[in-house]
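Student: Below is the file target_4.pdb, with PDB, C-alpha atoms (C1' of nucleotides).
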ATOM      1  CA  MET A   1      35.278  16.628 -10.919
ATOM      2  CA  LYS A   2      35.196  17.198  -7.205
ATOM      3  CA  ALA A   3      35.343  14.663  -4.461
ATOM      4  CA  ALA A   4      32.846  16.056  -2.001
ATOM      5  CA  THR A   5      33.119  14.061   1.193
ATOM      6  CA  LYS A   6      29.674  15.087   2.256
ATOM      7  CA  PRO A   7      26.751  16.664   0.453
ATOM      8  CA  ASN A   8      26.860  20.423   0.297
ATOM      9  CA  ALA A   9      23.294  21.605   0.621
ATOM     10  CA  TYR A  10      24.278  25.025  -0.626
ATOM     11  CA  ALA A  11      25.620  23.866  -3.952
ATOM     12  CA  ALA A  12      23.283  24.213  -6.865
ATOM     13  CA  ASN A  13      23.691  20.620  -7.905
ATOM     14  CA  CYS A  14      23.037  19.143  -4.475
ATOM     15  CA  PRO A  15      20.328  16.523  -4.786
ATOM     16  CA  THR A  16      19.173  17.198  -1.269
ATOM     17  CA  ARG A  17      17.871  20.443  -2.594
ATOM     18  CA  GLN A  18      15.584  18.534  -4.917
ATOM     19  CA  ILE A  19      13.914  16.974  -1.920
ATOM     20  CA  LEU A  20      13.658  20.270  -0.119
ATOM     21  CA  ASP A  21      12.043  21.785  -3.171
ATOM     22  CA  ARG A  22       9.507  19.006  -3.300
ATOM     23  CA  VAL A  23       8.585  19.549   0.317
ATOM     24  CA  GLY A  24       8.270  23.209  -0.401
ATOM     25  CA  ASP A  25       5.622  22.501  -2.981
ATOM     26  CA  LYS A  26       2.458  24.404  -2.281
ATOM     27  CA  TRP A  27       0.197  21.364  -2.393
ATOM     28  CA  ALA A  28       2.363  18.260  -1.985
ATOM     29  CA  VAL A  29       2.601  18.448   1.768
ATOM     30  CA  LEU A  30      -1.118  18.920   2.186
ATOM     31  CA  ILE A  31      -1.839  15.889   0.044
ATOM     32  CA  LEU A  32       0.669  13.822   1.937
ATOM     33  CA  LEU A  33      -0.918  14.599   5.268
ATOM     34  CA  LEU A  34      -4.401  13.882   3.944
ATOM     35  CA  VAL A  35      -3.704  10.483   2.440
ATOM     36  CA  ARG A  36      -1.752   9.466   5.487
ATOM     37  CA  ASP A  37      -4.888   9.422   7.582
ATOM     38  CA  GLU A  38      -6.790   7.337   5.091
ATOM     39  CA  PRO A  39      -6.652   6.373   1.421
ATOM     40  CA  MET A  40      -8.483   8.963  -0.618
ATOM     41  CA  ARG A  41      -9.977   9.207  -4.062
ATOM     42  CA  PHE A  42      -9.174  11.879  -6.569
ATOM     43  CA  ASN A  43     -12.258  13.994  -6.156
ATOM     44  CA  ALA A  44     -12.262  13.548  -2.416
ATOM     45  CA  LEU A  45      -8.830  15.169  -2.346
ATOM     46  CA  ARG A  46     -10.034  17.844  -4.699
ATOM     47  CA  ARG A  47     -12.858  18.721  -2.341
ATOM     48  CA  ALA A  48     -10.691  18.504   0.750
ATOM     49  CA  ILE A  49      -8.045  20.917  -0.448
ATOM     50  CA  GLU A  50      -9.562  24.288  -0.893
ATOM     51  CA  GLY A  51      -8.298  26.152  -3.897
ATOM     52  CA  ILE A  52      -6.467  23.411  -5.743
ATOM     53  CA  SER A  53      -7.206  23.015  -9.418
ATOM     54  CA  GLN A  54      -7.730  19.634 -10.983
ATOM     55  CA  LYS A  55      -4.667  20.128 -13.113
ATOM     56  CA  MET A  56      -2.431  20.826 -10.151
ATOM     57  CA  LEU A  57      -3.877  17.953  -8.150
ATOM     58  CA  SER A  58      -3.239  15.440 -10.883
ATOM     59  CA  GLN A  59       0.200  16.872 -11.495
ATOM     60  CA  VAL A  60       1.283  16.779  -7.871
ATOM     61  CA  LEU A  61      -0.174  13.322  -7.327
ATOM     62  CA  LYS A  62       1.895  12.075 -10.210
ATOM     63  CA  SER A  63       5.120  13.499  -8.892
ATOM     64  CA  LEU A  64       4.425  12.210  -5.399
ATOM     65  CA  GLU A  65       3.855   8.775  -6.856
ATOM     66  CA  ARG A  66       7.028   9.078  -8.883
ATOM     67  CA  ASP A  67       8.968   9.858  -5.733
ATOM     68  CA  GLY A  68       7.564   6.776  -4.044
ATOM     69  CA  LEU A  69       5.764   8.801  -1.398
ATOM     70  CA  ILE A  70       2.224   7.800  -2.272
ATOM     71  CA  ARG A  71       0.698   4.836  -4.018
ATOM     72  CA  ARG A  72      -1.903   4.925  -6.767
ATOM     73  CA  ARG A  73      -4.335   2.056  -6.936
ATOM     74  CA  VAL A  74      -6.853   1.687  -9.732
ATOM     75  CA  ILE A  75      -9.999  -0.222  -8.964
ATOM     76  CA  ALA A  76     -11.738  -1.540 -12.057
ATOM     77  CA  THR A  77     -15.256  -0.397 -11.336
ATOM     78  CA  VAL A  78     -17.580   1.478 -13.666
ATOM     79  CA  PRO A  79     -16.810   4.238 -13.622
ATOM     80  CA  VAL A  80     -13.221   3.660 -12.611
ATOM     81  CA  THR A  81     -12.144   4.361  -9.025
ATOM     82  CA  VAL A  82      -8.662   5.508  -8.116
ATOM     83  CA  GLU A  83      -7.393   5.458  -4.599
ATOM     84  CA  TYR A  84      -4.309   7.222  -3.298
ATOM     85  CA  SER A  85      -2.589   6.056  -0.163
ATOM     86  CA  ILE A  86       0.659   6.779   1.602
ATOM     87  CA  THR A  87       3.709   4.547   1.345
ATOM     88  CA  PRO A  88       6.050   3.659   4.216
ATOM     89  CA  LEU A  89       8.559   6.082   2.745
ATOM     90  CA  GLY A  90       5.950   8.798   2.563
ATOM     91  CA  ALA A  91       4.943   8.107   6.132
ATOM     92  CA  THR A  92       8.452   8.773   7.391
ATOM     93  CA  LEU A  93       8.523  12.038   5.525
ATOM     94  CA  SER A  94       5.171  13.054   6.914
ATOM     95  CA  THR A  95       6.610  12.769  10.402
ATOM     96  CA  ALA A  96       9.170  15.423   9.630
ATOM     97  CA  VAL A  97       6.474  17.520   8.058
ATOM     98  CA  ASP A  98       4.400  17.196  11.201
ATOM     99  CA  ALA A  99       7.155  18.862  13.164
ATOM    100  CA  LEU A 100       7.037  21.713  10.745
ATOM    101  CA  ARG A 101       3.298  22.108  10.930
ATOM    102  CA  ASP A 102       3.438  21.982  14.703
ATOM    103  CA  TRP A 103       6.009  24.731  14.672
ATOM    104  CA  ALA A 104       3.834  26.764  12.362
ATOM    105  CA  GLU A 105       0.787  26.445  14.565
ATOM    106  CA  SER A 106       2.725  27.123  17.723
ATOM    107  CA  ASN A 107       4.607  30.146  16.469
ATOM    108  CA  LEU A 108       2.141  31.677  14.104
ATOM    109  CA  LYS A 109       1.216  34.465  16.480
ATOM    110  CA  GLU A 110       4.799  35.357  17.124
ATOM    111  CA  VAL A 111       5.543  35.531  13.428
ATOM    112  CA  LEU A 112       2.512  37.679  12.767
ATOM    113  CA  SER A 113       3.436  40.096  15.509
ATOM    114  CA  ALA A 114       6.988  40.274  14.203
ATOM    115  CA  GLN A 115       5.560  41.190  10.821
ATOM    116  CA  ARG A 116       3.398  43.897  12.338
ATOM    117  CA  ARG A 117       6.356  45.310  14.211
ATOM    118  CA  TYR A 118       8.440  45.324  11.055
ATOM    119  CA  ASP A 119       5.761  47.005   8.997
ATOM    120  CA  ALA A 120       5.077  49.606  11.652
ATOM    121  CA  GLN A 121       8.755  50.447  11.720
ATOM    122  CA  ARG A 122       8.828  50.927   7.985
ATOM    123  CA  ASN A 123       5.716  53.067   7.970
ATOM    124  CA  SER A 124       7.079  55.402  10.602
ATOM    125  CA  MET A 125      10.168  55.771   8.435
ATOM    126  CA  ALA A 126       8.129  56.736   5.424
ATOM    127  CA  ALA A 127       6.240  59.365   7.411
TER     128      ALA A 127
ATOM    129  CA  MET B   1     -19.322  32.714   8.951
ATOM    130  CA  LYS B   2     -17.874  29.545  10.390
ATOM    131  CA  ALA B   3     -16.672  28.849  13.871
ATOM    132  CA  ALA B   4     -13.671  26.663  13.213
ATOM    133  CA  THR B   5     -12.625  25.111  16.472
ATOM    134  CA  LYS B   6      -9.163  24.358  15.163
ATOM    135  CA  PRO B   7      -7.159  25.592  12.246
ATOM    136  CA  ASN B   8      -7.858  23.767   9.019
ATOM    137  CA  ALA B   9      -4.593  23.505   7.158
ATOM    138  CA  TYR B  10      -6.415  22.616   3.987
ATOM    139  CA  ALA B  11      -8.460  25.787   3.837
ATOM    140  CA  ALA B  12      -7.165  28.443   1.529
ATOM    141  CA  ASN B  13      -7.230  31.098   4.216
ATOM    142  CA  CYS B  14      -5.358  29.072   6.830
ATOM    143  CA  PRO B  15      -2.450  31.117   8.105
ATOM    144  CA  THR B  16      -0.480  27.987   8.802
ATOM    145  CA  ARG B  17      -0.175  27.655   5.079
ATOM    146  CA  GLN B  18       1.619  30.978   5.002
ATOM    147  CA  ILE B  19       4.310  29.526   7.203
ATOM    148  CA  LEU B  20       4.536  26.365   5.176
ATOM    149  CA  ASP B  21       4.950  28.439   2.049
ATOM    150  CA  ARG B  22       7.763  30.379   3.622
ATOM    151  CA  VAL B  23       9.561  27.219   4.588
ATOM    152  CA  GLY B  24       9.053  25.946   1.094
ATOM    153  CA  ASP B  25      10.918  28.926  -0.270
ATOM    154  CA  LYS B  26      13.802  27.880  -2.431
ATOM    155  CA  TRP B  27      16.372  29.971  -0.593
ATOM    156  CA  ALA B  28      14.940  30.874   2.811
ATOM    157  CA  VAL B  29      15.774  27.585   4.455
ATOM    158  CA  LEU B  30      19.335  27.609   3.189
ATOM    159  CA  ILE B  31      19.885  31.089   4.523
ATOM    160  CA  LEU B  32      18.397  30.164   7.869
ATOM    161  CA  LEU B  33      20.732  27.220   8.295
ATOM    162  CA  LEU B  34      23.756  29.277   7.288
ATOM    163  CA  VAL B  35      23.216  32.186   9.636
ATOM    164  CA  ARG B  36      22.429  29.818  12.433
ATOM    165  CA  ASP B  37      26.007  28.590  12.520
ATOM    166  CA  GLU B  38      27.436  32.070  12.589
ATOM    167  CA  PRO B  39      26.394  35.622  11.775
ATOM    168  CA  MET B  40      27.095  36.318   8.133
ATOM    169  CA  ARG B  41      27.473  39.324   5.898
ATOM    170  CA  PHE B  42      25.558  39.938   2.728
ATOM    171  CA  ASN B  43      28.235  39.031   0.254
ATOM    172  CA  ALA B  44      29.381  36.109   2.352
ATOM    173  CA  LEU B  45      25.913  34.644   2.014
ATOM    174  CA  ARG B  46      25.929  35.418  -1.663
ATOM    175  CA  ARG B  47      29.109  33.481  -2.124
ATOM    176  CA  ALA B  48      28.020  30.621   0.104
ATOM    177  CA  ILE B  49      24.791  29.943  -1.706
ATOM    178  CA  GLU B  50      25.531  28.816  -5.194
ATOM    179  CA  GLY B  51      23.147  30.141  -7.764
ATOM    180  CA  ILE B  52      21.326  32.797  -5.771
ATOM    181  CA  SER B  53      21.021  36.182  -7.363
ATOM    182  CA  GLN B  54      21.686  39.312  -5.414
ATOM    183  CA  LYS B  55      18.123  40.385  -5.917
ATOM    184  CA  MET B  56      16.695  37.183  -4.470
ATOM    185  CA  LEU B  57      19.108  37.234  -1.564
ATOM    186  CA  SER B  58      18.166  40.729  -0.539
ATOM    187  CA  GLN B  59      14.492  39.943  -1.005
ATOM    188  CA  VAL B  60      14.522  36.753   1.031
ATOM    189  CA  LEU B  61      16.638  38.323   3.759
ATOM    190  CA  LYS B  62      14.075  41.069   4.086
ATOM    191  CA  SER B  63      11.156  38.691   4.440
ATOM    192  CA  LEU B  64      13.019  36.524   6.917
ATOM    193  CA  GLU B  65      13.705  39.604   8.956
ATOM    194  CA  ARG B  66      10.092  40.636   8.699
ATOM    195  CA  ASP B  67       9.024  37.264  10.046
ATOM    196  CA  GLY B  68      11.342  37.677  13.007
ATOM    197  CA  LEU B  69      13.462  34.698  11.995
ATOM    198  CA  ILE B  70      16.712  36.538  11.405
ATOM    199  CA  ARG B  71      18.160  39.777  12.664
ATOM    200  CA  ARG B  72      19.810  42.479  10.600
ATOM    201  CA  ARG B  73      22.513  44.499  12.255
ATOM    202  CA  VAL B  74      24.162  47.463  10.613
ATOM    203  CA  ILE B  75      27.675  48.323  11.701
ATOM    204  CA  ALA B  76      28.682  51.885  10.938
ATOM    205  CA  THR B  77      32.006  51.288   9.295
ATOM    206  CA  VAL B  78      33.245  52.647   6.010
ATOM    207  CA  PRO B  79      32.089  51.072   3.899
ATOM    208  CA  VAL B  80      29.097  49.941   5.861
ATOM    209  CA  THR B  81      28.952  46.395   7.193
ATOM    210  CA  VAL B  82      25.719  44.450   7.608
ATOM    211  CA  GLU B  83      25.513  41.288   9.587
ATOM    212  CA  TYR B  84      22.690  38.785   9.568
ATOM    213  CA  SER B  85      22.157  36.439  12.476
ATOM    214  CA  ILE B  86      19.472  34.049  13.609
ATOM    215  CA  THR B  87      16.893  34.937  16.243
ATOM    216  CA  PRO B  88      15.641  32.600  18.981
ATOM    217  CA  LEU B  89      12.455  32.178  16.983
ATOM    218  CA  GLY B  90      14.400  31.335  13.871
ATOM    219  CA  ALA B  91      16.491  28.871  15.808
ATOM    220  CA  THR B  92      13.432  26.888  16.854
ATOM    221  CA  LEU B  93      12.284  26.748  13.262
ATOM    222  CA  SER B  94      15.668  25.627  12.076
ATOM    223  CA  THR B  95      15.355  22.606  14.345
ATOM    224  CA  ALA B  96      12.287  21.447  12.494
ATOM    225  CA  VAL B  97      14.051  22.147   9.232
ATOM    226  CA  ASP B  98      16.951  19.990  10.364
ATOM    227  CA  ALA B  99      14.633  17.032  10.641
ATOM    228  CA  LEU B 100      13.581  17.619   7.102
ATOM    229  CA  ARG B 101      17.100  17.877   5.792
ATOM    230  CA  ASP B 102      18.069  14.749   7.673
ATOM    231  CA  TRP B 103      15.171  12.938   6.078
ATOM    232  CA  ALA B 104      16.230  14.177   2.679
ATOM    233  CA  GLU B 105      19.789  12.995   3.086
ATOM    234  CA  SER B 106      18.749   9.654   4.533
ATOM    235  CA  ASN B 107      16.116   8.874   1.959
ATOM    236  CA  LEU B 108      17.532  10.464  -1.129
ATOM    237  CA  LYS B 109      18.633   7.175  -2.641
ATOM    238  CA  GLU B 110      15.286   5.579  -2.078
ATOM    239  CA  VAL B 111      13.483   8.474  -3.700
ATOM    240  CA  LEU B 112      15.810   8.427  -6.681
ATOM    241  CA  SER B 113      15.343   4.721  -7.191
ATOM    242  CA  ALA B 114      11.575   5.141  -6.940
ATOM    243  CA  GLN B 115      11.828   7.753  -9.661
ATOM    244  CA  ARG B 116      13.868   5.441 -11.855
ATOM    245  CA  ARG B 117      11.367   2.651 -11.356
ATOM    246  CA  TYR B 118       8.491   4.942 -12.229
ATOM    247  CA  ASP B 119      10.177   6.285 -15.329
ATOM    248  CA  ALA B 120      11.153   2.799 -16.515
ATOM    249  CA  GLN B 121       7.563   1.724 -16.150
ATOM    250  CA  ARG B 122       6.359   4.590 -18.272
ATOM    251  CA  ASN B 123       8.960   4.018 -20.958
ATOM    252  CA  SER B 124       8.042   0.382 -21.334
ATOM    253  CA  MET B 125       4.460   1.516 -21.744
ATOM    254  CA  ALA B 126       5.372   3.855 -24.534
ATOM    255  CA  ALA B 127       7.320   1.176 -26.378
TER     256      ALA B 127
ATOM    257  C1'  DC C   1     -15.029   9.349 -12.046
ATOM    258  C1'  DT C   2     -10.422  10.342 -13.332
ATOM    259  C1'  DG C   3      -7.883  12.356 -15.784
ATOM    260  C1'  DC C   4      -5.155  14.781 -20.293
ATOM    261  C1'  DA C   5      -4.647  18.761 -23.723
ATOM    262  C1'  DT C   6      -4.842  23.423 -24.775
ATOM    263  C1'  DC C   7      -4.898  28.286 -24.147
ATOM    264  C1'  DC C   8      -3.469  32.099 -21.673
ATOM    265  C1'  DC C   9      -2.358  35.176 -18.032
ATOM    266  C1'  DC C  10       0.533  36.836 -14.652
ATOM    267  C1'  DT C  11       3.914  36.272 -11.332
ATOM    268  C1'  DC C  12       8.549  35.213 -10.210
ATOM    269  C1'  DA C  13      13.183  35.395 -10.774
ATOM    270  C1'  DG C  14      17.483  36.479 -13.578
ATOM    271  C1'  DA C  15      20.346  40.146 -15.859
ATOM    272  C1'  DT C  16      21.829  44.612 -15.899
ATOM    273  C1'  DA C  17      22.730  49.194 -14.411
ATOM    274  C1'  DC C  18      22.953  52.488 -10.835
ATOM    275  C1'  DT C  19      23.251  54.568  -5.638
ATOM    276  C1'  DG C  20      24.492  55.504  -0.559
TER     277       DG C  20
ATOM    278  C1'  DC D   1      30.072  46.733   0.815
ATOM    279  C1'  DA D   2      25.192  46.503   0.576
ATOM    280  C1'  DG D   3      21.851  47.161  -1.540
ATOM    281  C1'  DT D   4      17.662  49.427  -5.120
ATOM    282  C1'  DA D   5      15.336  50.033  -9.817
ATOM    283  C1'  DT D   6      13.828  48.454 -14.177
ATOM    284  C1'  DC D   7      13.235  45.330 -17.886
ATOM    285  C1'  DT D   8      12.155  40.935 -19.714
ATOM    286  C1'  DG D   9      11.636  36.008 -20.527
ATOM    287  C1'  DA D  10      10.238  31.540 -18.800
ATOM    288  C1'  DG D  11       7.015  28.984 -16.652
ATOM    289  C1'  DG D  12       3.724  28.013 -12.899
ATOM    290  C1'  DG D  13      -0.863  27.557 -12.493
ATOM    291  C1'  DG D  14      -6.040  28.549 -13.539
ATOM    292  C1'  DA D  15     -10.090  27.772 -16.843
ATOM    293  C1'  DT D  16     -12.112  25.209 -20.186
ATOM    294  C1'  DG D  17     -13.081  21.346 -23.202
ATOM    295  C1'  DC D  18     -12.509  16.544 -24.357
ATOM    296  C1'  DA D  19     -11.516  11.332 -23.510
ATOM    297  C1'  DG D  20     -11.217   6.590 -21.393
TER     298       DG D  20
END
Can you give me the file's structure in the form of structure tokens?

Tutor:
Amino acid sequence: MKAATKPNAYAANCPTRQILDRVGDKWAVLILLLVRDEPMRFNALRRAIEGISQKMLSQVLKSLERDGLIRRRVIATVPVTVEYSITPLGATLSTAVDALRDWAESNLKEVLSAQRRYDAQRNSMAA
Amino acid sequence: MKAATKPNAYAANCPTRQILDRVGDKWAVLILLLVRDEPMRFNALRRAIEGISQKMLSQVLKSLERDGLIRRRVIATVPVTVEYSITPLGATLSTAVDALRDWAESNLKEVLSAQRRYDAQRNSMAA
DNA sequence: CTGCATCCCCTCAGATACTG
DNA sequence: CAGTATCTGAGGGGATGCAG
């Protein structure tokens, strides 16, 4: 069809966008950062991440495993134990995510004040 | 209630999560990277980003402006011209986003092959 | 303990039509 | 050109109950 010499991130079909979407997932990034520090069990993750439902957790874990970012290891105990850990691939991604989180923590105040300024502006308009 | 000494990104109320969510937005990042290269007009953005609706574009532009990441400049021509450009704050964020996009482009193949492996595994199970 | 299946709500985003 | 307003469907995600 078209011989794109380099990926166009703005095209709908661009696979890079798939990755970006995954990173944008509400929970995926949090899970990634948690299991990077140490392998974690299902319910440990559930407790660690405030507000996540069991359905979402299991769903996101599955897709992260599918993408090769985390590893699922079943230990045949009674009852069964399942441990999630990060893969080398996932570790490289988490580095990029770190940069993002750092930015967020560093610039949070500035963003919040920009929001206040914007809202104040709008309110004075309305009045 | 609790005297958190440092922000807990896993807590529901953590404002850092707000930022992460914004970055995870399907369109926001694309817009940010586009206007960073050069100031762009509304319809130029619309054309550049395949698949975005005019409603979403206007909505995302507004929230990016609210966050202080882009700047909206109205030029009093007939008909009116509106130009969107990146702010210094937005530029620093876009740097972190670059790292992410680079990761995506570098590791896309590996992710896709991990997905294929995972799916093959599941199919053989089913059979 | 670690999940899957179901129900169900409610938001998000696309389509369409209209305005300054 | 640069938006806003309204309607509507699709689906993301929570709650609950059951299973290996």

Student: Per residue of chain A within 12 Å of chain D, what are the shortest atom pair and its distance in Å to one decimal, counting all atoms listed in the file, with rows by chain and residue number, as JSON lines?

Tutor:
{"residue": "A:Asp25", "atom": "CA", "partner": "D:DG12", "partner_atom": "C1'", "distance": 11.5}
{"residue": "A:Lys26", "atom": "CA", "partner": "D:DG13", "partner_atom": "C1'", "distance": 11.2}
{"residue": "A:Trp27", "atom": "CA", "partner": "D:DG13", "partner_atom": "C1'", "distance": 11.9}
{"residue": "A:Gly51", "atom": "CA", "partner": "D:DG14", "partner_atom": "C1'", "distance": 10.2}
{"residue": "A:Ile52", "atom": "CA", "partner": "D:DG14", "partner_atom": "C1'", "distance": 9.3}
{"residue": "A:Ser53", "atom": "CA", "partner": "D:DG14", "partner_atom": "C1'", "distance": 7.0}
{"residue": "A:Gln54", "atom": "CA", "partner": "D:DG14", "partner_atom": "C1'", "distance": 9.4}
{"residue": "A:Lys55", "atom": "CA", "partner": "D:DG13", "partner_atom": "C1'", "distance": 8.4}
{"residue": "A:Met56", "atom": "CA", "partner": "D:DG13", "partner_atom": "C1'", "distance": 7.3}
{"residue": "A:Leu57", "atom": "CA", "partner": "D:DG13", "partner_atom": "C1'", "distance": 11.0}
{"residue": "A:Gln59", "atom": "CA", "partner": "D:DG13", "partner_atom": "C1'", "distance": 10.8}
{"residue": "A:Val60", "atom": "CA", "partner": "D:DG13", "partner_atom": "C1'", "distance": 11.9}
{"residue": "A:Val78", "atom": "CA", "partner": "D:DG20", "partner_atom": "C1'", "distance": 11.2}
{"residue": "A:Pro79", "atom": "CA", "partner": "D:DG20", "partner_atom": "C1'", "distance": 9.9}
{"residue": "A:Val80", "atom": "CA", "partner": "D:DG20", "partner_atom": "C1'", "distance": 9.5}

Student: Evaluate the PyMOL selection byres ((chain A) within 9 of (chain B)) against this structure - the residues, as JSON, numbers by chain, please.

Tutor: {"A": [7, 9, 10, 11, 12, 13, 15, 16, 17, 18, 19, 20, 21, 22, 23, 24, 25, 26, 29, 30, 34, 48, 49, 50, 51, 52, 63, 65, 66, 67, 68, 69, 89, 92, 93, 96, 97, 99, 100, 101, 103, 104, 105, 107, 108, 110, 111, 112, 113, 114, 115, 116, 117, 118, 119]}

Student: The PyMOL selection byres ((chain C) within 10 of (chain B)) - which residues does that actually catch in the file I just gave you? List them as a PyMOL selection string.

Tutor: chain C and resi 13-15+20

Student: CA of Ala28 in chain A and CA of Ala76 in chain A, how far apart in Å?

Tutor: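 According to the coordinates, CA of Ala76 in chain A and CA of Ala28 in chain A are separated by 26.3 Å.
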
Student: With 4 Å added on each side, what axis-aligned box encloses every listed atom of range 99-102 of chain A? Give the centre and edge lengths in Å to one decimal, as AutoDock Vina command-line options.

Tutor:
--center_x 5.2 --center_y 20.5 --center_z 12.7 --size_x 11.9 --size_y 11.2 --size_z 12.0

Student: State, in Å with one decimal place, the distance from CA of Ser85 in chain A to C1' of DA5 in chain C.

Tutor: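 Atom-to-atom, CA of Ser85 in chain A and C1' of DA5 in chain C are spaced 26.8 Å apart.
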
Student: For a test of reading the model, state the distance in Å between C1' of DG3 in chain C and CA of Ser58 in chain A, rounded to one decimal.

Tutor: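 That distance, rounded to one decimal, is 7.4 Å.
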
Student: Give me the residues within 8 Å of DT2 in chain C as an MDAnalysis selection string, counting only C-alpha atoms (C1' of nucleotides) and dropping any in the same chain fewer than 4 places off.

Tutor: chainID A and resid 42 80:82
